[in-house]
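Engineer: Dropping a structure here in structure tokens format, bear with me for questions.
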Amino acid sequence: MNQNKTYFFQSWLIVVIAIISFIGFKSFLPKKLFPEATANSKNVVVDSLMLEAVAEGANLSEEDTLTNKTISFVSNPLGIKFSSEKFEQYKGYQYLIPFFEKLYQLETNKKGKARIAYFGDSMTDGDLIVQDVRTQFQSVFGGEGVGFVNISSESAGSRGSILHEFSPNWKTQSYLKTKSPLRSFGVNGAVFFAKDTVNPTWVKFKAGRNRFSTALNNPTLFYGNSKNKNGRLRQVFGKDTIYKKLTPNAILNTTQIGSTGNNIKVNFINADSIPFYGFNFDNGKGIHVDNFSSRGNSGLPLGSFNIDLMNAFQQKLGYDLIILQFGTNVLNYGSLNYSWYERKMTSVVNHLKQCFPGAAILIITTADKSTKYDMQMKTDSAVAPLIMAQKRYAVKSEAGLVNLFTLMGGDGSMVKWVENVPAKANKDYTHFNYRGAKEIAQLIYKQIDTGYKEYKKLRILAKKKSKPNTTVSDSVTVIKDTLNE
């Protein structure tokens with residue numbers, strides 16, 4: 001009995017000593033006690049180009065020449081100029097004017113089309129955020145369809161805007177994992193090859209339930225050049241079997257696919273060595289938004305696009321706006337100096353302007369991300385410096401900017417989104433759930449729409465100034481039109 005008491009007191013003594021020791025040494029422990037990267041490793045990966053850029057930029061000095069500066073704009077050929085902006089509140093609507101003009105023509109003439117390429121990382125995986133941005137635009141400007149879809153996709157199972165299945169024998173090369181692909185990457189950052197020597201190679205799509213995407217409009221296959229002239233497509237419609245010959249003669253080719261309206265299945269016959277890129281679904285009018293999400297993408301791989309091939313995609317699809325939403329995979333690489341990222345992404349944006357002539361560029365910053373400091377979840381210390389770098393390369397490359405961190409509430413907002421009832425973000429304190437993604441899409445669309453409404457007012461005023469003999473009554477009409485818009 002006495003021996004048991006001795007063990008009992010010894011155990012309590014050890015616990016007490018441990019607690020006192022922890023309190024005494026707490027001040028010497030790192031503030032970032034439990035790095036979020038560990039808990040987040042299943043959801044966030046890193047592309048090789050970013051790792052190389054980090055190594056190259058390890059000794060770069062950070063130079064900030066824009067803080068507290070005023071960004072002034074030059075009038076476009078129509079005489080439209082947005083007001084100057086402080087760097088801290090920079091939005092860069094001036095650089096979105098080509099896209100705003102396309103929206104204006106859609107709204108006023110009720111015909112034509114516009115297209116958005118939305119590049120992102122795991123934040124837009126499964127069409128999150130993008131599907132709601134697409135719905136917002138199409139509800140106002142018209143258009144139907146989910147746009148461009150890959151041959152195969154790692155997020156196919158989690159996407160609701162279109163149901164997507166494919167055979168397991170596709171060979172996939174992605175700009176995140178392959179430096180020297182067999183053929184150039186498509187606009188989606190990937191190229192696919194049919195390995196149909198033994199088992200059939202196929203792709204199957206079924207329309208989802210999202211508004212404006214309940215049918216597979218004008219399904220069109222995109223593929224590249226090849227010496228293989230024997231490739232065919234096979235489709236079965238009831239008792240009928242239809243074959244279509246592939247013509248891989250140009251740098252980029254298209255073939256219209258038959259459809260029952262809301263589902264298709266395509267078999268690829270003798271199609272090995274032909275580079276395939278994906279299918280496009282749209283009704284040819286209104287506005288269309290393509291989701292090009294890649295888990296682990298820092299944005300740097302977009303610099304590997306082949307300009308000639310992208311020019312061909314631009315000729316066939318006609319992008320008016322390129323959206324870049326990156327940052328999740330760039331946080332926490334070991335330093336708070338993101339000058340290397342700023343420099344690299346400035347080059348990437350300039351490269352994209354060559355790839356997609358005439359398209360405006362819109363940068364969306366990283367969202368808030370929380371990490372545990374002193375046993376409490378707080379905004380990660382890398383968020384603010386990364387956003388500064390994103391704003392700087394947006395200004396330097398003459399691109400528009402959406403500060404997602406500010407829109408969602410700023411410092412500490414991710415904690416609130418996670419703890420909200422019902423929750424709007426996941427327990428990794430990094431990614432939004434479906435509910436949160438819908439709200440984020442609304443915030444992004446609202447800022448774009450705010451810029452568009454301001455553009456319409458400036459457009460009317462510029463038109464008025466171009467007519468020196470305008471009468472007083474004309475001026476009143478212009479003012480009324482401005483207020484109505």
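Within each chain, counting starts at residue 1; across the structure tokens, chains are named A, B, ... in the order shown, with ligands numbered 1 upward in that order.
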Within 9 Å of region 154-166 of chain A, counting only C-alpha atoms, which residues qualify if same-chain residues fewer than 5 places away don't, as a list in words?
Structural biologist: Asp125, Gly126, Asp127, Leu128, Gln131, Val146, Val149, Thr201, Trp202, Val203, Lys204, Phe205, Lys206, Ala207, Gly208, Arg209, Asn210, Arg211, Ser213, Thr214, Leu216, Asn263, Ser294 and Arg295 of chain A
Engineer: To one decimal place in Å, what is the distance between CA of Ile448 (chain A) and CA of Asn426 (chain A)?
Structural biologist: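 Computing the Euclidean distance for CA of Ile448 (chain A) and CA of Asn426 (chain A) yields 26.3 Å.
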Engineer: Using only C-alpha atoms, what table do you get, as a Markdown table, when you list each residue of region 53-135 of chain A with an atom no more than 9 Å from region 434-444 of chain A, its nearest pair of atoms, and their distance in Å rounded to one decimal, rows by chain then rising number?
Structural biologist:
| residue | atom | partner | partner_atom | distance |
| --- | --- | --- | --- | --- |
| A:Met123 | CA | A:Ala437 | CA | 8.5 |
| A:Thr124 | CA | A:Ala437 | CA | 8.5 |
| A:Leu128 | CA | A:Ala437 | CA | 5.8 |
| A:Ile129 | CA | A:Ala437 | CA | 4.8 |
| A:Val130 | CA | A:Ala441 | CA | 6.9 |
| A:Gln131 | CA | A:Ala441 | CA | 8.3 |
| A:Asp132 | CA | A:Ala441 | CA | 5.7 |
| A:Val133 | CA | A:Ala441 | CA | 5.2 |
| A:Arg134 | CA | A:Ala441 | CA | 8.9 |
Engineer: Please produce a file of those selected residues containing N, CA and C atoms, as a PDB file, in the first residue's frame.
Structural biologist:
ATOM      1  N   MET A 123      -7.505  26.230 -54.707  1.00  0.00           N
ATOM      2  CA  MET A 123      -8.633  27.043 -54.262  1.00  0.00           C
ATOM      3  C   MET A 123      -9.793  26.965 -55.258  1.00  0.00           C
ATOM      4  N   THR A 124      -9.481  26.693 -56.534  1.00  0.00           N
ATOM      5  CA  THR A 124     -10.520  26.609 -57.564  1.00  0.00           C
ATOM      6  C   THR A 124     -10.710  25.174 -58.050  1.00  0.00           C
ATOM      7  N   LEU A 128     -14.731  25.041 -57.872  1.00  0.00           N
ATOM      8  CA  LEU A 128     -15.126  25.938 -56.787  1.00  0.00           C
ATOM      9  C   LEU A 128     -14.754  27.373 -57.158  1.00  0.00           C
ATOM     10  N   ILE A 129     -15.523  28.307 -56.727  1.00  0.00           N
ATOM     11  CA  ILE A 129     -15.379  29.740 -57.015  1.00  0.00           C
ATOM     12  C   ILE A 129     -15.692  30.027 -58.482  1.00  0.00           C
ATOM     13  N   VAL A 130     -14.998  29.339 -59.395  1.00  0.00           N
ATOM     14  CA  VAL A 130     -15.146  29.629 -60.822  1.00  0.00           C
ATOM     15  C   VAL A 130     -16.570  29.358 -61.308  1.00  0.00           C
ATOM     16  N   GLN A 131     -17.173  28.244 -60.858  1.00  0.00           N
ATOM     17  CA  GLN A 131     -18.519  27.929 -61.328  1.00  0.00           C
ATOM     18  C   GLN A 131     -19.529  29.010 -60.938  1.00  0.00           C
ATOM     19  N   ASP A 132     -19.309  29.648 -59.799  1.00  0.00           N
ATOM     20  CA  ASP A 132     -20.214  30.703 -59.360  1.00  0.00           C
ATOM     21  C   ASP A 132     -19.904  32.034 -60.043  1.00  0.00           C
ATOM     22  N   VAL A 133     -18.620  32.286 -60.340  1.00  0.00           N
ATOM     23  CA  VAL A 133     -18.268  33.459 -61.146  1.00  0.00           C
ATOM     24  C   VAL A 133     -18.900  33.314 -62.532  1.00  0.00           C
ATOM     25  N   ARG A 134     -18.836  32.109 -63.087  1.00  0.00           N
ATOM     26  CA  ARG A 134     -19.421  31.824 -64.401  1.00  0.00           C
ATOM     27  C   ARG A 134     -20.931  32.095 -64.391  1.00  0.00           C
TER      28      ARG A 134
END
Engineer: Neighbouring residues of region 391-399 of chain A were defined as those with any atom within 6 Å, considering only C-alpha atoms; residues of the same chain fewer than 5 positions away were excluded. Please report them as a ChimeraX atom specification.
Structural biologist: /A:95,342,346,361-362
Engineer: Give me every helix (DSSP H, G or I) residue in region 312-363 of chain A, going by DSSP on the backbone, as number ranges by chain.
Structural biologist: A: 312-317, 339-355
Engineer: Of the candidates A:His351, A:Gly284, A:Leu78, A:Asp240, which one gets nearest to Glu101 (chain A) if we count only C-alpha atoms?
Structural biologist: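 Checking each candidate against Glu101 (chain A), we get A:Leu78 as the closest.
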Engineer: So, counting only C-alpha atoms, which residue among A:Ala425, A:Ala367, A:Ile460, A:Val187 is closest to Asp308 (chain A)?
Structural biologist: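 Between A:Ala425, A:Ala367, A:Ile460, A:Val187, the residue approaching Asp308 (chain A) most closely is A:Val187.
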Engineer: Can you tell me, as a PyMOL selection string, what residues are no more than 8 Å from Gly142 (chain A) when counting only C-alpha atoms, ignoring any on the same chain fewer than 3 positions away?
Structural biologist: chain A and resi 137-139+285-287
Engineer: Taking 6 positions as the minimum chain separation for residues in the same chain, which residues sit within 7 Å of Asn217 (chain A) when counting only C-alpha atoms? Answer as a list in words.
Structural biologist: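 Counting only the stated atoms, we get Gly145, Phe281, Asp282 and Asn283 of chain A.
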Engineer: Record the distance separating CA of Lys463 (chain A) and CA of Lys446 (chain A), expressed in Å with one decimal.
Structural biologist: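 Value for the CA of Lys463 (chain A)-CA of Lys446 (chain A) distance: 25.7 Å.
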